[in-house]
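J.: Sharing data_24.txt, compact mmCIF, C-alpha atoms:
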# COMPACT_ATOMS: atom_id res chain seq x y z
CA MET A 1 104.53 130.86 96.06
CA LYS A 2 102.11 133.44 94.72
CA LEU A 3 98.79 131.82 93.83
CA ALA A 4 95.45 132.96 92.47
CA VAL A 5 92.09 131.20 92.63
CA ILE A 6 89.46 132.16 90.05
CA GLY A 7 85.97 131.62 91.43
CA CYS A 8 85.19 132.08 95.12
CA GLY A 9 82.16 129.91 95.54
CA TYR A 10 82.23 126.90 97.83
CA LEU A 11 85.26 125.26 96.19
CA GLY A 12 87.31 128.36 95.44
CA ALA A 13 86.83 130.12 98.78
CA VAL A 14 87.89 127.06 100.76
CA HIS A 15 90.81 126.38 98.43
CA SER A 16 92.03 129.99 98.71
CA ALA A 17 92.05 129.94 102.50
CA ALA A 18 93.61 126.47 102.63
CA MET A 19 96.46 127.45 100.30
CA ALA A 20 97.18 130.54 102.41
CA SER A 21 97.20 128.39 105.54
CA VAL A 22 100.13 126.34 104.20
CA GLY A 23 102.16 129.46 103.48
CA HIS A 24 101.29 130.63 99.96
CA GLU A 25 100.45 134.25 99.13
CA THR A 26 96.96 133.77 97.70
CA VAL A 27 94.37 135.97 96.05
CA GLY A 28 90.80 134.80 95.49
CA ILE A 29 89.05 136.42 92.53
CA ASP A 30 85.34 136.52 91.71
CA ILE A 31 82.98 138.88 89.86
CA ASP A 32 80.42 138.69 92.71
CA GLU A 33 81.18 141.94 94.57
CA PRO A 34 79.06 141.29 97.71
CA ARG A 35 80.64 137.83 98.10
CA ILE A 36 84.16 139.22 97.71
CA ALA A 37 83.46 142.01 100.20
CA LEU A 38 82.22 139.46 102.73
CA LEU A 39 85.20 137.16 102.25
CA ALA A 40 87.65 140.09 102.44
CA SER A 41 86.15 141.02 105.82
CA GLY A 42 86.86 137.50 107.08
CA LYS A 43 83.23 136.35 106.99
CA ALA A 44 82.12 133.18 105.23
CA PRO A 45 79.19 133.43 102.78
CA PHE A 46 78.17 129.84 103.54
CA TYR A 47 78.32 127.41 106.43
CA GLU A 48 81.16 124.89 106.42
CA PRO A 49 82.62 123.48 109.65
CA GLY A 50 86.05 124.98 110.37
CA PHE A 51 85.98 127.41 107.45
CA ASP A 52 85.02 130.54 109.41
CA GLU A 53 88.02 130.16 111.70
CA LEU A 54 90.38 129.37 108.82
CA LEU A 55 89.15 132.38 106.83
CA ARG A 56 89.53 134.79 109.76
CA GLU A 57 93.03 133.54 110.50
CA GLN A 58 94.24 133.84 106.90
CA THR A 59 92.65 137.20 106.03
CA GLY A 60 94.08 138.55 109.25
CA GLY A 61 97.48 136.98 108.67
CA GLY A 62 98.33 138.85 105.49
CA LEU A 63 98.68 135.92 103.08
CA LEU A 64 95.09 135.89 101.87
CA ARG A 65 93.20 138.62 100.05
CA PHE A 66 90.26 138.83 97.68
CA SER A 67 89.54 140.87 94.56
CA THR A 68 87.00 141.31 91.76
CA ASP A 69 89.73 142.22 89.25
CA PRO A 70 91.22 139.42 87.10
CA ALA A 71 94.38 141.53 86.86
CA ALA A 72 95.04 140.59 90.48
CA ALA A 73 96.17 137.21 89.13
CA ALA A 74 99.07 138.79 87.24
CA GLY A 75 102.40 137.47 88.46
CA ALA A 76 100.90 134.37 90.10
CA SER A 77 102.96 131.24 89.50
CA VAL A 78 99.88 129.04 89.69
CA ILE A 79 96.27 130.02 88.97
CA PHE A 80 93.48 127.64 90.02
CA LEU A 81 90.18 127.55 88.09
CA ALA A 82 87.40 126.89 90.58
CA VAL A 83 84.32 128.32 88.86
CA GLY A 84 80.98 126.56 88.77
CA THR A 85 79.69 124.33 85.99
CA PRO A 86 75.92 124.24 86.57
CA GLN A 87 73.43 122.31 84.50
CA THR A 88 72.47 124.14 81.32
CA GLU A 89 68.89 125.38 81.31
CA GLY A 90 66.79 123.11 79.13
CA SER A 91 69.53 120.48 78.83
CA ASN A 92 71.43 117.93 80.91
CA ALA A 93 74.77 119.26 79.66
CA ALA A 94 77.17 121.23 81.85
CA ASP A 95 77.19 124.99 81.31
CA LEU A 96 80.82 125.94 80.59
CA ARG A 97 80.25 129.67 80.08
CA TYR A 98 81.84 130.53 83.42
CA VAL A 99 84.91 128.38 82.79
CA ASP A 100 85.43 129.93 79.36
CA ALA A 101 84.86 133.46 80.68
CA ALA A 102 87.37 132.88 83.47
CA VAL A 103 90.06 131.73 81.03
CA GLU A 104 89.34 134.63 78.67
CA SER A 105 89.72 137.10 81.55
CA LEU A 106 93.13 135.65 82.37
CA LEU A 107 94.65 135.80 78.88
CA PRO A 108 96.09 139.35 79.26
CA HIS A 109 97.68 138.43 82.60
CA ILE A 110 99.46 135.09 81.98
CA ASP A 111 102.71 134.13 80.32
CA ALA A 112 105.16 131.25 79.95
CA ASN A 113 105.81 131.30 83.71
CA THR A 114 102.14 130.63 84.53
CA LEU A 115 100.57 127.26 85.33
CA ILE A 116 96.78 127.17 85.16
CA VAL A 117 95.31 124.36 87.24
CA GLY A 118 91.73 123.33 86.57
CA LYS A 119 89.70 122.15 89.54
CA SER A 120 86.16 122.62 88.22
CA THR A 121 84.12 119.55 87.29
CA VAL A 122 84.01 119.60 83.49
CA PRO A 123 83.01 117.29 80.60
CA VAL A 124 85.83 115.21 79.20
CA GLY A 125 87.61 117.11 76.44
CA THR A 126 87.40 120.50 78.14
CA ALA A 127 91.02 120.56 79.35
CA ALA A 128 92.45 119.94 75.87
CA ARG A 129 90.27 122.72 74.47
CA LEU A 130 91.37 125.17 77.17
CA ALA A 131 95.02 124.22 76.68
CA GLU A 132 94.69 125.28 73.04
CA LYS A 133 93.03 128.53 74.08
CA ILE A 134 96.00 129.56 76.27
CA ALA A 135 98.77 128.07 74.09
CA HIS A 136 99.72 131.40 72.44
CA THR A 137 100.59 132.87 75.87
CA GLY A 138 103.11 130.13 76.66
CA ALA A 139 101.20 129.23 79.84
CA LYS A 140 100.65 125.56 80.70
CA LEU A 141 97.50 123.76 81.83
CA LEU A 142 97.18 120.92 84.36
CA TRP A 143 93.87 119.37 85.42
CA ASN A 144 93.58 118.66 89.14
CA PRO A 145 89.96 117.69 89.97
CA GLU A 146 88.53 118.39 93.40
CA PHE A 147 86.96 115.74 95.62
CA LEU A 148 85.47 117.85 98.41
CA ARG A 149 82.69 116.61 100.62
CA GLU A 150 80.48 119.36 101.97
CA GLY A 151 80.85 119.32 105.74
CA PHE A 152 84.47 118.15 105.40
CA ALA A 153 85.81 120.60 102.81
CA VAL A 154 88.69 122.04 104.87
CA GLN A 155 89.85 118.55 105.85
CA ASP A 156 89.51 117.26 102.28
CA THR A 157 91.56 120.16 100.91
CA LEU A 158 94.42 119.90 103.37
CA ASP A 159 94.38 116.12 103.81
CA PRO A 160 92.82 114.60 100.66
CA ASP A 161 92.52 110.90 99.85
CA ARG A 162 94.41 111.47 96.61
CA LEU A 163 95.79 114.09 94.23
CA VAL A 164 95.13 113.59 90.53
CA TYR A 165 97.19 115.48 87.95
CA GLY A 166 96.08 115.47 84.33
CA ILE A 167 98.92 116.74 82.12
CA ALA A 168 99.91 117.17 78.49
CA ASP A 169 102.44 114.63 77.24
CA GLY A 170 105.81 114.99 78.95
CA ASP A 171 104.91 118.11 80.96
CA THR A 172 107.00 117.21 84.00
CA ALA A 173 107.70 120.88 84.74
CA SER A 174 104.02 121.47 85.57
CA VAL A 175 104.01 118.42 87.85
CA GLU A 176 107.01 119.77 89.73
CA LYS A 177 105.42 123.20 90.12
CA LEU A 178 102.14 121.80 91.50
CA ASP A 179 104.12 119.47 93.76
CA ASP A 180 105.69 122.60 95.24
CA VAL A 181 102.23 124.04 95.93
CA TYR A 182 101.05 120.82 97.57
CA SER A 183 104.34 119.93 99.27
CA SER A 184 102.85 119.87 102.78
CA ILE A 185 100.12 117.53 101.57
CA ILE A 186 102.43 115.25 99.62
CA GLU A 187 104.77 114.95 102.62
CA LYS A 188 101.93 113.21 104.48
CA GLY A 189 102.10 110.34 101.99
CA THR A 190 98.98 111.31 100.04
CA ALA A 191 98.53 109.20 96.92
CA ARG A 192 99.43 111.14 93.77
CA ILE A 193 98.21 109.91 90.39
CA ILE A 194 99.66 111.45 87.22
CA THR A 195 97.67 110.83 84.07
CA ASP A 196 96.41 112.54 80.91
CA TYR A 197 93.75 115.21 80.55
CA PRO A 198 90.75 113.00 79.68
CA THR A 199 91.43 110.49 82.45
CA ALA A 200 91.75 113.25 85.05
CA GLU A 201 88.46 114.76 83.88
CA LEU A 202 86.76 111.36 84.05
CA VAL A 203 88.01 110.59 87.58
CA LYS A 204 85.74 113.16 89.21
CA VAL A 205 82.56 112.41 87.27
CA SER A 206 83.17 108.65 87.50
CA ALA A 207 83.52 108.86 91.28
CA ASN A 208 80.29 110.86 91.53
CA ALA A 209 78.48 108.46 89.22
CA PHE A 210 79.60 105.49 91.32
CA LEU A 211 78.47 107.09 94.59
CA ALA A 212 75.14 108.11 93.09
CA THR A 213 74.64 104.57 91.80
CA LYS A 214 75.40 103.05 95.19
CA ILE A 215 72.92 105.36 96.92
CA SER A 216 70.21 104.71 94.35
CA PHE A 217 70.88 100.97 94.51
CA ILE A 218 70.03 100.80 98.21
CA ASN A 219 67.01 103.03 97.65
CA ALA A 220 65.82 100.66 94.93
CA MET A 221 66.18 97.86 97.47
CA ALA A 222 64.10 99.97 99.87
CA GLU A 223 61.32 100.06 97.27
CA ILE A 224 61.34 96.27 97.12
CA ALA A 225 61.62 95.93 100.91
CA GLU A 226 58.49 98.03 101.37
CA GLN A 227 56.54 95.71 99.06
CA VAL A 228 57.62 92.45 100.67
CA GLY A 229 57.89 93.48 104.34
CA ALA A 230 61.69 93.38 104.59
CA ASP A 231 63.98 95.83 106.41
CA VAL A 232 66.36 97.73 104.12
CA THR A 233 68.65 98.87 106.94
CA GLU A 234 69.24 95.30 108.10
CA LEU A 235 69.73 94.34 104.45
CA ALA A 236 72.37 97.07 104.06
CA ASP A 237 74.13 95.91 107.22
CA ALA A 238 74.25 92.36 105.92
CA ILE A 239 75.56 93.09 102.43
CA GLY A 240 77.83 95.86 103.70
CA VAL A 241 79.88 93.35 105.69
CA ASP A 242 81.17 92.06 102.36
CA ASN A 243 84.37 94.03 101.82
CA ARG A 244 83.75 94.04 98.08
CA ILE A 245 80.64 96.13 98.76
CA GLY A 246 81.23 98.05 102.01
CA ARG A 247 78.64 99.71 104.24
CA ARG A 248 79.34 103.37 103.36
CA PHE A 249 76.78 105.08 101.11
CA LEU A 250 74.29 102.27 101.71
CA ASN A 251 71.94 104.38 103.81
CA SER A 252 68.49 104.48 102.28
CA GLY A 253 66.20 107.46 102.61
CA LEU A 254 65.10 110.48 100.60
CA GLY A 255 68.01 110.21 98.17
CA PHE A 256 70.90 112.46 97.26
CA GLY A 257 70.88 116.15 96.35
CA GLY A 258 73.26 119.11 96.45
CA GLY A 259 75.13 120.97 93.78
CA CYS A 260 77.25 118.04 92.53
CA LEU A 261 75.80 114.54 92.22
CA PRO A 262 72.51 115.32 90.44
CA LYS A 263 73.89 117.73 87.84
CA ASP A 264 77.16 115.82 87.41
CA ILE A 265 75.55 112.49 86.52
CA ARG A 266 73.26 114.27 84.04
CA ALA A 267 76.18 116.14 82.45
CA PHE A 268 78.14 112.87 82.28
CA GLN A 269 75.30 111.25 80.35
CA ALA A 270 75.02 114.23 78.02
CA ARG A 271 78.74 114.14 77.24
CA ALA A 272 78.69 110.38 76.70
CA ILE A 273 75.99 110.85 74.07
CA GLU A 274 78.06 113.59 72.40
CA VAL A 275 81.09 111.31 72.07
CA GLY A 276 79.02 108.36 70.81
CA ALA A 277 79.01 106.34 74.04
CA GLY A 278 75.50 107.11 75.29
CA GLU A 279 74.60 103.45 75.83
CA SER A 280 77.48 103.10 78.28
CA LEU A 281 75.81 105.43 80.77
CA ARG A 282 72.18 104.63 80.09
CA PHE A 283 71.99 103.09 83.57
CA LEU A 284 72.47 106.55 85.09
CA GLU A 285 69.02 107.50 83.81
CA GLU A 286 67.55 104.92 86.17
CA VAL A 287 69.88 106.05 88.97
CA ASP A 288 68.38 109.53 88.56
CA ARG A 289 64.82 108.21 88.40
CA VAL A 290 65.23 106.09 91.55
CA ASN A 291 66.59 109.12 93.36
CA LEU A 292 63.66 111.32 92.35
CA ARG A 293 61.18 108.58 93.31
CA ARG A 294 62.47 108.72 96.88
CA ARG A 295 61.26 112.31 97.10
CA GLU A 296 57.88 111.24 95.80
CA ARG A 297 57.76 108.54 98.44
CA GLY A 298 58.67 110.99 101.20
CA TYR A 299 55.96 113.38 100.06
CA ASP A 300 53.41 110.57 99.80
CA LEU A 301 54.14 109.30 103.31
CA ALA A 302 53.89 112.78 104.83
CA ALA A 303 50.65 113.49 102.95
CA ARG A 304 49.16 110.12 103.92
CA GLU A 305 49.86 110.57 107.61
CA ALA A 306 48.73 114.21 107.61
CA ASP A 307 45.50 113.30 105.80
CA ALA A 308 44.63 111.05 108.74
CA THR A 309 44.49 114.13 111.00
CA SER A 310 41.96 116.95 111.15
CA THR A 311 44.38 119.87 110.75
CA LYS A 312 46.99 118.37 108.36
CA ARG A 313 49.96 120.09 110.00
CA VAL A 314 53.44 118.83 109.10
CA ALA A 315 56.78 119.87 110.60
CA VAL A 316 59.79 119.26 108.34
CA LEU A 317 63.05 119.08 110.29
CA GLY A 318 66.04 119.59 108.02
CA LEU A 319 66.15 121.64 104.82
CA SER A 320 69.79 121.37 103.70
CA PHE A 321 70.55 118.48 101.38
CA LYS A 322 72.94 117.01 103.96
CA PRO A 323 74.00 117.77 107.55
CA ASN A 324 76.84 120.18 108.42
CA SER A 325 75.97 122.37 105.43
CA ASP A 326 73.58 125.19 104.60
CA ASP A 327 73.42 124.10 100.95
CA VAL A 328 69.84 123.62 99.77
CA ARG A 329 70.61 123.07 96.08
CA ASP A 330 68.47 120.18 94.81
CA SER A 331 67.52 119.41 98.42
CA ALA A 332 65.00 116.59 98.82
CA PRO A 333 63.53 117.76 102.18
CA LEU A 334 63.16 121.36 101.00
CA ASP A 335 61.46 120.11 97.84
CA ILE A 336 59.06 118.00 99.91
CA ALA A 337 58.31 120.86 102.31
CA ALA A 338 57.59 123.25 99.43
CA ARG A 339 55.35 120.71 97.68
CA LEU A 340 53.38 119.98 100.84
CA HIS A 341 52.86 123.70 101.31
CA ALA A 342 51.84 124.17 97.69
CA THR A 343 49.29 121.33 97.88
CA GLY A 344 47.44 122.73 100.88
CA TYR A 345 49.13 121.28 103.95
CA SER A 346 50.10 123.49 106.87
CA VAL A 347 53.90 123.25 106.94
CA THR A 348 56.41 124.54 109.45
CA ALA A 349 60.10 123.87 108.89
CA TYR A 350 63.40 124.16 110.73
CA ASP A 351 67.06 123.64 109.93
CA PRO A 352 70.09 124.44 112.12
CA LYS A 353 71.90 126.35 109.34
CA ALA A 354 69.84 126.60 106.14
CA ARG A 355 66.92 128.73 107.33
CA GLU A 356 67.79 131.99 105.59
CA THR A 357 68.64 130.30 102.30
CA ALA A 358 65.37 128.36 102.38
CA ARG A 359 63.42 131.55 103.09
CA ARG A 360 64.99 133.31 100.12
CA LEU A 361 64.15 130.44 97.77
CA HIS A 362 60.66 129.80 99.15
CA PRO A 363 59.38 133.02 100.76
CA GLY A 364 55.95 131.49 101.36
CA LEU A 365 57.30 128.60 103.43
CA ASP A 366 56.97 129.01 107.20
CA VAL A 367 60.56 128.45 108.36
CA ARG A 368 60.93 128.71 112.12
CA ASP A 369 64.04 129.62 114.12
CA SER A 370 63.82 126.77 116.61
CA LEU A 371 62.97 123.11 116.52
CA ALA A 372 60.53 123.52 119.41
CA ASP A 373 58.62 126.23 117.54
CA ALA A 374 58.50 124.17 114.35
CA VAL A 375 56.89 121.13 116.03
CA ALA A 376 54.69 123.01 118.52
CA GLN A 377 51.49 122.56 116.50
CA ALA A 378 52.47 119.69 114.21
CA ASP A 379 50.48 116.49 113.71
CA VAL A 380 53.29 114.82 111.73
CA ILE A 381 57.06 115.29 111.98
CA LEU A 382 59.27 114.52 108.98
CA ILE A 383 63.01 114.16 109.58
CA GLY A 384 64.49 115.32 106.27
CA THR A 385 68.19 115.76 107.08
CA GLU A 386 70.27 113.72 109.52
CA TRP A 387 71.60 116.59 111.63
CA SER A 388 72.95 115.43 115.00
CA GLU A 389 70.39 117.73 116.65
CA PHE A 390 67.66 115.46 115.28
CA ARG A 391 69.45 112.13 115.68
CA GLU A 392 70.13 112.83 119.35
CA LEU A 393 66.74 114.38 120.10
CA ASP A 394 64.89 113.00 123.11
CA PRO A 395 61.36 112.53 121.77
CA SER A 396 59.87 112.50 125.26
CA SER A 397 61.04 116.10 125.70
CA LEU A 398 59.04 117.39 122.72
CA GLU A 399 56.02 119.53 123.40
CA THR A 400 53.96 118.67 120.35
CA PRO A 401 50.61 117.09 119.51
CA ALA A 402 52.32 115.03 116.80
CA ALA A 403 51.81 111.28 117.09
CA VAL A 404 53.73 110.30 113.94
CA VAL A 405 57.38 110.74 112.99
CA ILE A 406 58.57 109.94 109.47
CA ASP A 407 62.24 109.04 109.52
CA GLY A 408 63.28 110.23 106.09
CA ARG A 409 66.92 109.26 106.60
CA ASN A 410 66.57 106.07 108.67
CA THR A 411 68.65 107.74 111.35
CA LEU A 412 66.48 107.66 114.48
CA ASP A 413 66.41 105.21 117.38
CA ARG A 414 63.05 103.83 116.35
CA GLU A 415 62.28 101.97 119.55
CA HIS A 416 63.08 105.07 121.59
CA TRP A 417 60.58 107.10 119.60
CA ARG A 418 57.94 104.41 119.82
CA ALA A 419 58.43 104.19 123.59
CA ALA A 420 57.78 107.94 123.70
CA GLY A 421 54.39 107.37 122.05
CA PHE A 422 55.16 107.98 118.38
CA LYS A 423 54.18 105.89 115.40
CA VAL A 424 57.47 105.56 113.48
CA VAL A 425 57.32 105.44 109.68
CA SER A 426 60.58 104.78 107.82
CA LEU A 427 61.44 104.38 104.14
CA GLY A 428 62.10 100.72 103.34
CA ARG A 429 61.39 99.51 106.89
CA ARG A 430 58.47 98.13 108.82
CA THR A 431 56.30 100.76 110.48
CA LEU A 432 56.50 100.72 114.27
CA GLU A 433 53.06 101.25 115.77
CA VAL A 434 52.58 102.50 119.30
CA GLU A 435 51.86 99.59 121.60
CA ALA A 436 48.43 99.59 123.17
Would you encode the structure as structure tokens?
T.:
Amino acid sequence: MKLAVIGCGYLGAVHSAAMASVGHETVGIDIDEPRIALLASGKAPFYEPGFDELLREQTGGGLLRFSTDPAAAAGASVIFLAVGTPQTEGSNAADLRYVDAAVESLLPHIDANTLIVGKSTVPVGTAARLAEKIAHTGAKLLWNPEFLREGFAVQDTLDPDRLVYGIADGDTASVEKLDDVYSSIIEKGTARIITDYPTAELVKVSANAFLATKISFINAMAEIAEQVGADVTELADAIGVDNRIGRRFLNSGLGFGGGCLPKDIRAFQARAIEVGAGESLRFLEEVDRVNLRRRERGYDLAAREADATSTKRVAVLGLSFKPNSDDVRDSAPLDIAARLHATGYSVTAYDPKARETARRLHPGLDVRDSLADAVAQADVILIGTEWSEFRELDPSSLETPAAVVIDGRNTLDREHWRAAGFKVVSLGRRTLEVEA
């Protein structure tokens, strides 16, 4: 089939390459000329495991191309909307300007043979409004939310947990057309849920709200554990055995970040207030507050340990909001590093993939190109992101004056670090002092 993808950010670029890889003639369209030029040359504008290889293969294979012209979507049987919905400045609500602009740009190029498939995360009610906007063209709209995890985006596109289709009443023709697009995925036995527009829109934001709540729950337990001398990791292990709860997403630390969870739970609350159900999501305000408190706690611990030294030098290892990504949007460790720097501490930082992005956002921050260089003069080391490079690090091999490591993700072998002579400070766990 001939497909088009509007928006070539993280979601759209991966989706374009993935659709080409299963045999569809695909064009990715975006108004960002430098990004399109980079993608067209087979180079990824962000780090995502497996995406570079997939992009090179598909741009070189003839099924995938990129354009800045919305007219390139003309003649496509299916057009995916994959534009961003950031938080509106000065408000918690989602900014839908890019979604609306994308649909407006398509109106001259669609007809009754076109199926527009929404993948962007939008407030409930958006799909029905967009369906009305395109109705005069004869084109149909189906809402198919994305559930990508950064670091696993290629896998999650080609082998998702589920496919959700939100359709207008009785629109079986659109279901059949999208089934044709996803035939290789459906043949694997992937769960397919067909529902209405509002339910499909709610699936994505509800899933994100649940995950955010689970993460903030264990971080709230970490706050209590610190006060009473308990161990939050052992607590998580114990309650996670219960199959009604499960152990995943019960890792306490600096909290969640990225371009989805923080802004999505805020937009969800804003929309709930608009539709008269604000009380239903009032708990998400506390979820957000708990998450932000974890950053405060990380900063406080780093400052406290650095203040006990004469030179107050801190090395922050990890700047991306999660491992296997160069995404620093709403990143807790980058926020902590920048705040430490701004409040007078000598900060060096390192990340395996997010160095250039961090430098662009915080040009005054001393971001080093190697872990060894970052810790060479440090008094305190803060592990901010659980990259395997840090988890598997042999502390005895470090050439550093640092005597303290702050495990911001509760990911280190604490006894191993203590045996190497480090005081180990963890969020929600007992501090391990060096034995005399």
J.: Contacts of region 71-75 of chain A at 9 Å or less, counting only C-alpha atoms, minus same-chain residues fewer than 4 places along, as a PyMOL selection string?
T.: chain A and resi 2-6+27-29+66-67+79+105-106+108-111+113-114
J.: Go ahead and save the residues from that selection, with C-alpha atoms, as a PDB file, in the frame of the given file.
T.:
ATOM      1  CA  LYS A   2     102.110 133.440  94.720  1.00  0.00           C
ATOM      2  CA  LEU A   3      98.790 131.820  93.830  1.00  0.00           C
ATOM      3  CA  ALA A   4      95.450 132.960  92.470  1.00  0.00           C
ATOM      4  CA  VAL A   5      92.090 131.200  92.630  1.00  0.00           C
ATOM      5  CA  ILE A   6      89.460 132.160  90.050  1.00  0.00           C
ATOM      6  CA  VAL A  27      94.370 135.970  96.050  1.00  0.00           C
ATOM      7  CA  GLY A  28      90.800 134.800  95.490  1.00  0.00           C
ATOM      8  CA  ILE A  29      89.050 136.420  92.530  1.00  0.00           C
ATOM      9  CA  PHE A  66      90.260 138.830  97.680  1.00  0.00           C
ATOM     10  CA  SER A  67      89.540 140.870  94.560  1.00  0.00           C
ATOM     11  CA  ILE A  79      96.270 130.020  88.970  1.00  0.00           C
ATOM     12  CA  SER A 105      89.720 137.100  81.550  1.00  0.00           C
ATOM     13  CA  LEU A 106      93.130 135.650  82.370  1.00  0.00           C
ATOM     14  CA  PRO A 108      96.090 139.350  79.260  1.00  0.00           C
ATOM     15  CA  HIS A 109      97.680 138.430  82.600  1.00  0.00           C
ATOM     16  CA  ILE A 110      99.460 135.090  81.980  1.00  0.00           C
ATOM     17  CA  ASP A 111     102.710 134.130  80.320  1.00  0.00           C
ATOM     18  CA  ASN A 113     105.810 131.300  83.710  1.00  0.00           C
ATOM     19  CA  THR A 114     102.140 130.630  84.530  1.00  0.00           C
TER      20      THR A 114
END
J.: Go ahead and find all residues with at least one atom no further than 12 Å from (89.8, 132.8, 77.5) in the file's coordinates, using all atoms listed in the file; report them as a list in words.
T.: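 Every residue inside that radius is included here: Pro70, Leu81, Leu96, Arg97, Tyr98, Val99, Asp100, Ala101, Ala102, Val103, Glu104, Ser105, Leu106, Leu107, Pro108, His109, Ile110, Ile116, Arg129, Leu130, Ala131, Glu132, Lys133, Ile134, Ala135, His136 and Thr137 of chain A.
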J.: Can you pull out every residue within 7 Å of region 13-25 of chain A, counting all atoms listed in the file, but drop anything in the same chain fewer than 5 positions away, and send it as a count of residues only?
T.: 14
J.: Identify which of the residues A:Ala374, A:Ala302, A:Val404, A:Ile194 lies closest to Leu163 (chain A), counting only C-alpha atoms when measuring atom-to-atom distances.
T.: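 Closest candidate: A:Ile194.
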J.: (72.6, 123.8, 106.2) in this file's frame - what residues fall within 9 Å of it? Use all atoms listed in the file and give the answer as a ChimeraX atom specification.
T.: /A:46-48,318-328,351-355,357
J.: Which residue gives the smallest distance to Val375 (chain A) among A:Leu340, A:Leu317, A:Leu427, A:Ala40, with all atoms listed in the file counted?
T.: A:Leu317
J.: Applying 12 Å and only C-alpha atoms, which residues near Ser41 (chain A) remain after dropping the ones on its own chain fewer than 2 positions away? List them as a PDB file with C-alpha atoms, keeping the file's coordinate frame.
T.:
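To be explicit, this is the file written out as selection_14.pdb:
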ATOM      1  CA  PRO A  34      79.060 141.290  97.710  1.00  0.00           C
ATOM      2  CA  ARG A  35      80.640 137.830  98.100  1.00  0.00           C
ATOM      3  CA  ILE A  36      84.160 139.220  97.710  1.00  0.00           C
ATOM      4  CA  ALA A  37      83.460 142.010 100.200  1.00  0.00           C
ATOM      5  CA  LEU A  38      82.220 139.460 102.730  1.00  0.00           C
ATOM      6  CA  LEU A  39      85.200 137.160 102.250  1.00  0.00           C
ATOM      7  CA  LYS A  43      83.230 136.350 106.990  1.00  0.00           C
ATOM      8  CA  ALA A  44      82.120 133.180 105.230  1.00  0.00           C
ATOM      9  CA  PRO A  45      79.190 133.430 102.780  1.00  0.00           C
ATOM     10  CA  ASP A  52      85.020 130.540 109.410  1.00  0.00           C
ATOM     11  CA  LEU A  55      89.150 132.380 106.830  1.00  0.00           C
ATOM     12  CA  ARG A  56      89.530 134.790 109.760  1.00  0.00           C
ATOM     13  CA  GLU A  57      93.030 133.540 110.500  1.00  0.00           C
ATOM     14  CA  GLN A  58      94.240 133.840 106.900  1.00  0.00           C
ATOM     15  CA  THR A  59      92.650 137.200 106.030  1.00  0.00           C
ATOM     16  CA  GLY A  60      94.080 138.550 109.250  1.00  0.00           C
ATOM     17  CA  LEU A  64      95.090 135.890 101.870  1.00  0.00           C
ATOM     18  CA  ARG A  65      93.200 138.620 100.050  1.00  0.00           C
ATOM     19  CA  PHE A  66      90.260 138.830  97.680  1.00  0.00           C
ATOM     20  CA  SER A  67      89.540 140.870  94.560  1.00  0.00           C
TER      21      SER A  67
END
J.: Using all atoms listed in the file, which residues sit within 7 Å of Asp330 (chain A) once same-chain residues fewer than 3 positions away are excluded, as a ChimeraX atom specification?
T.: /A:257-259
J.: Can you write just those residues out, C-alpha atoms, as a short mmCIF file (atom, residue, chain, number, x, y, z; two decimals), keeping the file's coordinate frame?
T.:
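What ended up in result_32.cif:
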data_model
loop_
_atom_site.label_atom_id
_atom_site.label_comp_id
_atom_site.auth_asym_id
_atom_site.auth_seq_id
_atom_site.Cartn_x
_atom_site.Cartn_y
_atom_site.Cartn_z
CA GLY A 257 70.88 116.15 96.35
CA GLY A 258 73.26 119.11 96.45
CA GLY A 259 75.13 120.97 93.78
#
J.: Hey, can you check how far CA of Ala315 (chain A) sits from CA of Ala349 (chain A)?
T.: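 Interatomic distance here is 5.5 Å.
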J.: What gap, in Å, lies between CA of His341 (chain A) and CA of Leu292 (chain A)?
T.: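 Distance between the two atoms: 18.7 Å.
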J.: Looking at A:Glu296, A:Glu201, A:Glu234, A:Glu435, which one is nearest to Ala127 (chain A), with distances taken over only C-alpha atoms?
T.: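 Counting only C-alpha atoms, the residue closest to Ala127 (chain A) is A:Glu201.
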J.: Is it possible to add N, CA and C atoms to region 320-326 of chain A and hand it back as an mmCIF file, in the frame of the given file?
T.:
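Wrote it out as out-v4.cif, contents follow:
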data_model
loop_
_atom_site.group_PDB
_atom_site.id
_atom_site.type_symbol
_atom_site.label_atom_id
_atom_site.label_comp_id
_atom_site.auth_asym_id
_atom_site.auth_seq_id
_atom_site.Cartn_x
_atom_site.Cartn_y
_atom_site.Cartn_z
ATOM 1 N N SER A 320 68.575 121.533 104.504
ATOM 2 C CA SER A 320 69.790 121.370 103.700
ATOM 3 C C SER A 320 69.821 119.963 103.129
ATOM 4 N N PHE A 321 70.557 119.795 102.023
ATOM 5 C CA PHE A 321 70.550 118.480 101.380
ATOM 6 C C PHE A 321 71.323 117.447 102.187
ATOM 7 N N LYS A 322 72.195 117.908 103.096
ATOM 8 C CA LYS A 322 72.940 117.010 103.960
ATOM 9 C C LYS A 322 73.275 117.760 105.245
ATOM 10 N N PRO A 323 73.647 117.071 106.319
ATOM 11 C CA PRO A 323 74.000 117.770 107.550
ATOM 12 C C PRO A 323 75.348 118.481 107.432
ATOM 13 N N ASN A 324 75.590 119.400 108.363
ATOM 14 C CA ASN A 324 76.840 120.180 108.420
ATOM 15 C C ASN A 324 77.029 121.035 107.177
ATOM 16 N N SER A 325 75.932 121.515 106.602
ATOM 17 C CA SER A 325 75.970 122.370 105.430
ATOM 18 C C SER A 325 74.699 123.203 105.402
ATOM 19 N N ASP A 326 74.789 124.398 104.809
ATOM 20 C CA ASP A 326 73.580 125.190 104.600
ATOM 21 C C ASP A 326 73.158 125.168 103.136
#
